Every structure is written in structure tokens, then in C-alpha cells.
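Visitor: One structure, as C-alpha cells, below. Some questions next.
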Amino acid sequence: MFMLRLRSLALLLGDAVLFYFSLALALTLRGWGLPDYDFFILHARVFSFFMPVWAGIFYVVGFYELRRLNRTVNLINYGLLAFGLNFAAATAFFYIFSARFEITPKTHLLLTLIFLHVFAMIYRRIWLRQLLARVLAQRVAFLGINPLVEEMAGDLGRNPHLGFTVVPLPDLSASRRAQDGYWFPRGRSHGELSARIDLLVVDAEDAEKNPFQESAVLSAAVMEGVPVITHLDFYEDLYGKIPPEHAAKPSWLFGNVLHKGNGLYFLVKRLLDILAALAGLAVLFPFLAAAWLALKISDGWGRPAFYIQQRVGYLGRKFIIWKFRTMVQGADKAGPLYQGAGSADRRITPVGGFLRLIRFDEVPQLWNVLKGDMSLVGPRPEWVREVRILERSIPHYHLRHFVKPGMSGWAQINFRATASARDSVEKLHYDLYYVKNMTLALDIGIMLRTIRRVFQRDESFAGQR
């Protein structure tokens, strides 16, 4: 617990420095030059009254719990939430107390909050990448055992950069029974559990086999403020995908998909898709024309520059997808799940290879996004013939069709191109993670990582369908 408090205090002090730096930067940009010292002090004195408010919002949102922020999407999600709450609170705060202040911040306030939240997210990213895994790794203990738990414990032991150290559970049941005759810890906690672990991961089904130990450990965790998480949720957070045996259960479908009411999210997502598709087609039109001309010149004017194919989309509906043709005509005769796909595939034309290298062959799908067949982010749409095979061999494969397919998706940035049914099973687990957790923050995170991947040469991701 001491390490957790020390970590939170260090983050808070860093945020305070970033707060005043953000204010100085806002005043500098607003005034097109370094602000006068007295002018800065005046604003700093007024803005300091708001510091306890934003610090409290950071705490409530969870911006000081690094475990929650270990994934980029969570960092963005909490950052957006914190900004929205802080902006609303700041507006109300300065409106209520405006008569007591000598200034009305308005633009300065907005810029300061924007800079503060951007810098705060970068600051936490540095903590997670440079410090957390080296000196501030969380001590995690597992209550219950199964193959999934053993897999995670082994991975954490082999990969210290993940920020976790596996430690054994202390035997609380025996000491408690000897102390007061009860298995259930009674009265004030003595900190036996929190002194040794920072996070408790529980397999509830296996833990029931030893109810005395479960009662002692869980009760101590609650009283000592040790976070408790199921091994399935921990697996999901750690790997960014749904556990295989978990995804196959009907209870997962009812608990995580069918009950959701994301009407506002889908409305905003569709609006952003339309705006992005229109802007993309307008800005990239000269490059699209150049690519079309290059394909015509290299392959002959009688051959089509575009490749169209029937794919499976939202709720299993079929649609025609548009791409630049990067292979020789008739390449799809090799059939679905072709094993030779990749950068060395002889079916790829010279111009097509270049378009694949810069991922430009997928850009015509902006037309599919504009029409509403696809979204910018979602599970990649698969070939109709391929889907027929996979639905017969993979249970619940159809669940990935519960959302619109996308130009890029969670599986695309986390897994290689599929060339077998086994790869498709693994890809499905990532797709189901998106189906369960889709938010605007996750979409933003996927798009940012997609842009980064455009400039990376990674053979394992070559030839994405």
C-alpha cells in the first residue's frame, strides 16, 4: 500500500507541474508571445483555486490507478472522460465564483485543460513504459488454479515489462483461526495481505473448492483495500482478447452483447465515418487517380484497376467491397484461406506490391464507409466463401457480425493476417473483444495504431485481407 500511495503522490506532483506549464503555454499561444510575469501570476493565482477540483476528478475517474491505464485505449478513454468532467466542473466553478476573480478565463481555461489532459496522458504513458515495469511492478497473486491461470502466471514471469510480479498468497486462514477461532477475518485488518500483494486475481469456480481459504483471503482483500479481479477479466486486460472457453459460453453473449444499448455511440460513430470518408476521398483524390493510372499503364488498359468482391457485413448481410487490384486476374481461384498469402506471393503485381506496402490498396473502401456498408473501425469483412467454411468449423463465428465491419480493427493491429482456420479462431477472440468493449476511445486508439502501422514494415502483418 505504501508503494501505491507513493506512486499516486508522485503522479499528483507531476500533474501539478503540468498544470502550471499548460497554463503558461495557453497564455503564450493566446498572446502570441511569452506572457508578462504579473499577468501569469494573476492567472496562476486564480487557476490555483481550481486545482483541488481537477485533482479530485482525476482521482475519481481513476487517473492515479496505473493498472487501469496499462492499455492505450484505457488511457484515452479515461483521458476523454476526465477532460469532459473537468471542463464541465471548470465552467461551473468559474461561473459561480466569477465575481470574486479579477479575470474571466474562457479561452485560457479551455486551452489549459486541453494541454493538461494531453500532457497528463503522455506523462502516464512514460510512467507505464519506463518506470512501472522496472521499479513499480505490481505484485499479483492468484486465488485458484486452472490452465488459463497457469498460462498467465508463466507469461508474467517471462515478461517483466508487463508490469506485474507473481507472488504467492499468504496463508491467512491458519493465522486467523489460531488468533480468534474464526476462519473469517474479524475486526480490524492487520494488513497481512496488502503488505505482500497489490492485486488479487480470482478463479471463483476453483476457489470454491477451498471455501475457508477463499473466505479469509477475499475478506482480507476487501478490508485492506486490495483490488480484486476475476481471472477472465485479468486475461482480457492482459491480452486484449476474450478467453477461448469464455467466448464459447452463451452466458457471455447475453451478458456482454445483447443487453447493450449504444444508440448514441453508433450515431456519433456513423457521423464521424461520413465526415472522415468525405474528407479522405476529397484529400486523397489526386493520389487515387495516380494509383488508378499506374495500374492501367502497368497491367494494360483492358484490365480493371479495381478489385471487387462480395463480403459478409453487418448481421451477415452481403455487400461489394472495393479495393485497388494488387494481384493478377483470377488469383482468387486459389480459394479461401490460401496458405501462400503474404509479401512473397507471386500473384502480386509490381504496382500492387507497392500499393500494399503503403497500405493504399485499401483506400477505395472509403466509398464503402460512405455508403454505410462499412465503418472506419470494426472487424474486417471476410470473403463469403471463407465465412461459409469458418462458420461450420468455429463455434459462434457469427458473433463478429454483430457490428459493422471496418477498414481496420482490433484484430488487425494485434494479430497477423489469417491463412488458416486456426488463425481465424485466434482472430475471432480479438474481434469479440471489440464487440464487447467498443467505445469511441477504443476506435480512436485503433485508428492511431493503424496510422502508425502504415509506416512500419512488419512481415507478420503483410497481406491483410
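Just so we're on the same page: first chain in the C-alpha cells is A, next is B, and so on; residues restart at 1 for each chain, and ligands are numbered from 1 in the order they show up.
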Just list the residues in stretch 212-346 of chain A DSSP gives alpha helix (DSSP H) on the backbone, as a VMD selection string.

Guide: chain A and resid 212 to 224 231 to 239 244 to 247 250 to 256 263 to 299

Visitor: Do you know which residues are at most 9 Å from A:Asp299 counting only C-alpha atoms, after dropping those on the same chain fewer than 4 positions away, and could you put them as a list in words?

Guide: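 Within the cut-off, the hits are Ala294, Leu295, Arg303, Pro304, Ala305, Val328, Thr349 and Val351 of chain A.
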
Visitor: Include C-alpha atoms and write out the residues we just selected as a PDB file, in the first residue's frame.

Guide:
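Written file, result-v8.pdb:
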```
ATOM      1  CA  ALA A 294      -0.305   3.400 -62.671  1.00  0.00           C
ATOM      2  CA  LEU A 295      -2.302   0.153 -62.600  1.00  0.00           C
ATOM      3  CA  ARG A 303      -7.715  -4.890 -67.234  1.00  0.00           C
ATOM      4  CA  PRO A 304      -9.685  -3.418 -64.329  1.00  0.00           C
ATOM      5  CA  ALA A 305      -7.819  -1.250 -61.824  1.00  0.00           C
ATOM      6  CA  VAL A 328      -3.143 -10.881 -61.272  1.00  0.00           C
ATOM      7  CA  THR A 349       1.842  -7.404 -59.331  1.00  0.00           C
ATOM      8  CA  VAL A 351       2.427  -1.863 -58.688  1.00  0.00           C
TER       9      VAL A 351
END
```

Visitor: Can you list, as a ChimeraX atom specification, every protein, DNA or RNA residue that comes within 8 Å of A:Glu224 when you count only C-alpha atoms, leaving out same-chain residues fewer than 2 positions away?

Guide: /A:189,191,193-194,220-222,226

Visitor: Can you tell me which residues surround A:Ile321 at a distance of at most 8 Å, considering only C-alpha atoms, apart from same-chain residues fewer than 5 positions away, and format the answer as a PDB file with C-alpha atoms, in the first residue's frame?

Guide:
```pdb
ATOM      1  CA  ILE A 308     -14.482  -6.009 -56.270  1.00  0.00           C
ATOM      2  CA  GLN A 309     -15.578  -8.958 -54.185  1.00  0.00           C
ATOM      3  CA  GLN A 310     -18.648  -9.967 -52.205  1.00  0.00           C
ATOM      4  CA  ARG A 311     -18.009  -9.842 -48.467  1.00  0.00           C
ATOM      5  CA  GLN A 365     -13.070   1.247 -49.170  1.00  0.00           C
ATOM      6  CA  ASN A 368     -17.964   1.554 -48.695  1.00  0.00           C
TER       7      ASN A 368
END
```

Visitor: Name the residues in contact with A:Leu432 at a cut-off of 8 Å, using only C-alpha atoms, excluding same-chain residues fewer than 5 positions from it; report them as number ranges by chain.

Guide: A: 241-242, 247, 399-400

Visitor: Between atom CA of A:Ala82 and atom CA of A:Asn414, what is the distance in Å, rounded to a tenth?

Guide: 27.1 Å

Visitor: Looking at A:Thr418, A:Thr28, A:Thr72, A:Asn86, which one is nearest to A:Ile126, with distances taken over only C-alpha atoms?

Guide: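 Going through A:Thr418, A:Thr28, A:Thr72, A:Asn86 one by one, the smallest distance to A:Ile126 is for A:Thr72.
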
Visitor: From the set A:Phe234, A:Trp383, A:Tyr314, A:Trp301, which residue has the shortest atom-to-atom contact distance to A:Phe402, counting only C-alpha atoms?

Guide: A:Tyr314

Visitor: So that I can check the surroundings of A:Asp155, please list as number ranges by chain every protein, DNA and RNA residue that reaches within 12 Å of it, counting only C-alpha atoms and ignoring chain neighbours fewer than 4 positions away.

Guide: A: 148-151, 159-166, 235, 238-239

Visitor: Could you check the closest approach to A:Val228 for each of A:Ile96, A:Phe287, A:Phe142, A:Lys209 and tell me which residue wins, using only C-alpha atoms?

Guide: A:Phe142

Visitor: Neighbouring residues of A:Met447 were defined as those with any atom within 12 Å, considering only C-alpha atoms; residues of the same chain fewer than 4 positions away were excluded. Please report them as JSON, numbers by chain.

Guide: {"A": [72, 73, 273, 276, 375, 376, 377, 378, 406, 407, 408, 409, 410, 412, 413, 440, 441, 442, 443, 451, 452, 453, 454]}

Visitor: Those residues you just picked out, can you put them in a file as a PDB file, in the first residue's frame with N, CA and C atoms?

Guide:
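Listed below is the output, result-v4.pdb:
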```
ATOM      1  N   THR A  72      -3.391   1.386 -24.046  1.00  0.00           N
ATOM      2  CA  THR A  72      -3.552   2.708 -24.646  1.00  0.00           C
ATOM      3  C   THR A  72      -5.012   3.116 -24.732  1.00  0.00           C
ATOM      4  N   VAL A  73      -5.882   2.181 -25.086  1.00  0.00           N
ATOM      5  CA  VAL A  73      -7.298   2.509 -25.227  1.00  0.00           C
ATOM      6  C   VAL A  73      -7.886   2.961 -23.896  1.00  0.00           C
ATOM      7  N   ASP A 273     -17.816   8.597 -39.353  1.00  0.00           N
ATOM      8  CA  ASP A 273     -17.483   7.813 -40.543  1.00  0.00           C
ATOM      9  C   ASP A 273     -17.757   8.617 -41.819  1.00  0.00           C
ATOM     10  N   ALA A 276     -15.255  11.573 -42.097  1.00  0.00           N
ATOM     11  CA  ALA A 276     -13.908  11.100 -42.410  1.00  0.00           C
ATOM     12  C   ALA A 276     -13.823  10.562 -43.838  1.00  0.00           C
ATOM     13  N   SER A 375     -17.490   0.606 -41.642  1.00  0.00           N
ATOM     14  CA  SER A 375     -17.113   1.698 -40.766  1.00  0.00           C
ATOM     15  C   SER A 375     -15.594   1.849 -40.844  1.00  0.00           C
ATOM     16  N   LEU A 376     -15.078   2.923 -40.309  1.00  0.00           N
ATOM     17  CA  LEU A 376     -13.626   3.063 -40.262  1.00  0.00           C
ATOM     18  C   LEU A 376     -13.010   1.981 -39.378  1.00  0.00           C
ATOM     19  N   VAL A 377     -13.712   1.626 -38.292  1.00  0.00           N
ATOM     20  CA  VAL A 377     -13.197   0.650 -37.326  1.00  0.00           C
ATOM     21  C   VAL A 377     -14.221  -0.444 -37.104  1.00  0.00           C
ATOM     22  N   GLY A 378     -13.762  -1.674 -37.127  1.00  0.00           N
ATOM     23  CA  GLY A 378     -14.626  -2.820 -36.892  1.00  0.00           C
ATOM     24  C   GLY A 378     -13.925  -4.076 -37.363  1.00  0.00           C
ATOM     25  N   GLY A 406     -15.036  -3.101 -40.557  1.00  0.00           N
ATOM     26  CA  GLY A 406     -14.273  -1.863 -40.649  1.00  0.00           C
ATOM     27  C   GLY A 406     -13.081  -1.962 -41.576  1.00  0.00           C
ATOM     28  N   MET A 407     -12.526  -0.800 -41.935  1.00  0.00           N
ATOM     29  CA  MET A 407     -11.299  -0.758 -42.720  1.00  0.00           C
ATOM     30  C   MET A 407     -10.123  -1.252 -41.901  1.00  0.00           C
ATOM     31  N   SER A 408     -10.180  -1.014 -40.609  1.00  0.00           N
ATOM     32  CA  SER A 408      -9.179  -1.541 -39.687  1.00  0.00           C
ATOM     33  C   SER A 408      -9.903  -1.992 -38.433  1.00  0.00           C
ATOM     34  N   GLY A 409      -9.269  -2.859 -37.662  1.00  0.00           N
ATOM     35  CA  GLY A 409      -9.940  -3.380 -36.477  1.00  0.00           C
ATOM     36  C   GLY A 409      -8.957  -3.806 -35.416  1.00  0.00           C
ATOM     37  N   TRP A 410      -9.497  -4.193 -34.260  1.00  0.00           N
ATOM     38  CA  TRP A 410      -8.675  -4.608 -33.123  1.00  0.00           C
ATOM     39  C   TRP A 410      -7.834  -5.826 -33.475  1.00  0.00           C
ATOM     40  N   GLN A 412      -6.740  -6.642 -36.443  1.00  0.00           N
ATOM     41  CA  GLN A 412      -5.727  -6.293 -37.442  1.00  0.00           C
ATOM     42  C   GLN A 412      -4.482  -5.681 -36.809  1.00  0.00           C
ATOM     43  N   ILE A 413      -4.641  -4.936 -35.725  1.00  0.00           N
ATOM     44  CA  ILE A 413      -3.474  -4.296 -35.119  1.00  0.00           C
ATOM     45  C   ILE A 413      -2.838  -5.164 -34.044  1.00  0.00           C
ATOM     46  N   LEU A 440     -15.861   4.937 -28.256  1.00  0.00           N
ATOM     47  CA  LEU A 440     -15.207   5.935 -29.100  1.00  0.00           C
ATOM     48  C   LEU A 440     -13.711   5.962 -28.803  1.00  0.00           C
ATOM     49  N   ALA A 441     -13.330   5.783 -27.533  1.00  0.00           N
ATOM     50  CA  ALA A 441     -11.912   5.776 -27.170  1.00  0.00           C
ATOM     51  C   ALA A 441     -11.187   4.601 -27.814  1.00  0.00           C
ATOM     52  N   LEU A 442     -11.823   3.424 -27.825  1.00  0.00           N
ATOM     53  CA  LEU A 442     -11.205   2.259 -28.456  1.00  0.00           C
ATOM     54  C   LEU A 442     -11.048   2.490 -29.954  1.00  0.00           C
ATOM     55  N   ASP A 443     -12.054   3.097 -30.592  1.00  0.00           N
ATOM     56  CA  ASP A 443     -11.959   3.400 -32.015  1.00  0.00           C
ATOM     57  C   ASP A 443     -10.795   4.346 -32.301  1.00  0.00           C
ATOM     58  N   ILE A 451      -2.566   4.017 -38.160  1.00  0.00           N
ATOM     59  CA  ILE A 451      -1.720   5.010 -38.841  1.00  0.00           C
ATOM     60  C   ILE A 451      -0.251   4.708 -38.584  1.00  0.00           C
ATOM     61  N   ARG A 452       0.080   4.356 -37.347  1.00  0.00           N
ATOM     62  CA  ARG A 452       1.462   4.012 -37.016  1.00  0.00           C
ATOM     63  C   ARG A 452       1.920   2.792 -37.806  1.00  0.00           C
ATOM     64  N   ARG A 453       1.033   1.806 -37.982  1.00  0.00           N
ATOM     65  CA  ARG A 453       1.413   0.582 -38.679  1.00  0.00           C
ATOM     66  C   ARG A 453       1.655   0.817 -40.174  1.00  0.00           C
ATOM     67  N   VAL A 454       1.038   1.862 -40.726  1.00  0.00           N
ATOM     68  CA  VAL A 454       1.270   2.181 -42.133  1.00  0.00           C
ATOM     69  C   VAL A 454       2.745   2.444 -42.382  1.00  0.00           C
TER      70      VAL A 454
END
```

Visitor: For atom CA of A:Glu362 and atom CA of A:Lys318, determine how far apart the two atoms are, in Å to one decimal place.

Guide: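 Atom CA of A:Glu362 sits 18.4 Å away from atom CA of A:Lys318.
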
Visitor: Please report the interatomic distance between atom CA of A:Ala16 and atom CA of A:Gly31 in Å with one decimal.

Guide: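 A separation of 22.8 Å between them.
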
Visitor: Counting only C-alpha atoms, which of A:Val369, A:Leu232, A:Met223, A:Val53 gets nearest to A:Pro147?

Guide: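 Selected residue with least distance to A:Pro147: A:Leu232.
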
Visitor: Could you tell me which of A:Arg392, A:Tyr397, A:Gly300, A:Leu253 comes closest to A:Leu315 if we count only C-alpha atoms?

Guide: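 Checking each candidate against A:Leu315, we get A:Tyr397 as the closest.
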
Visitor: Check the smallest atom-to-atom distance from each of A:Leu111, A:Ala10, A:Leu128, A:Met51 to A:Leu75 using only C-alpha atoms, then report the winner.

Guide: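 The answer is A:Leu128, which sits nearest to A:Leu75.
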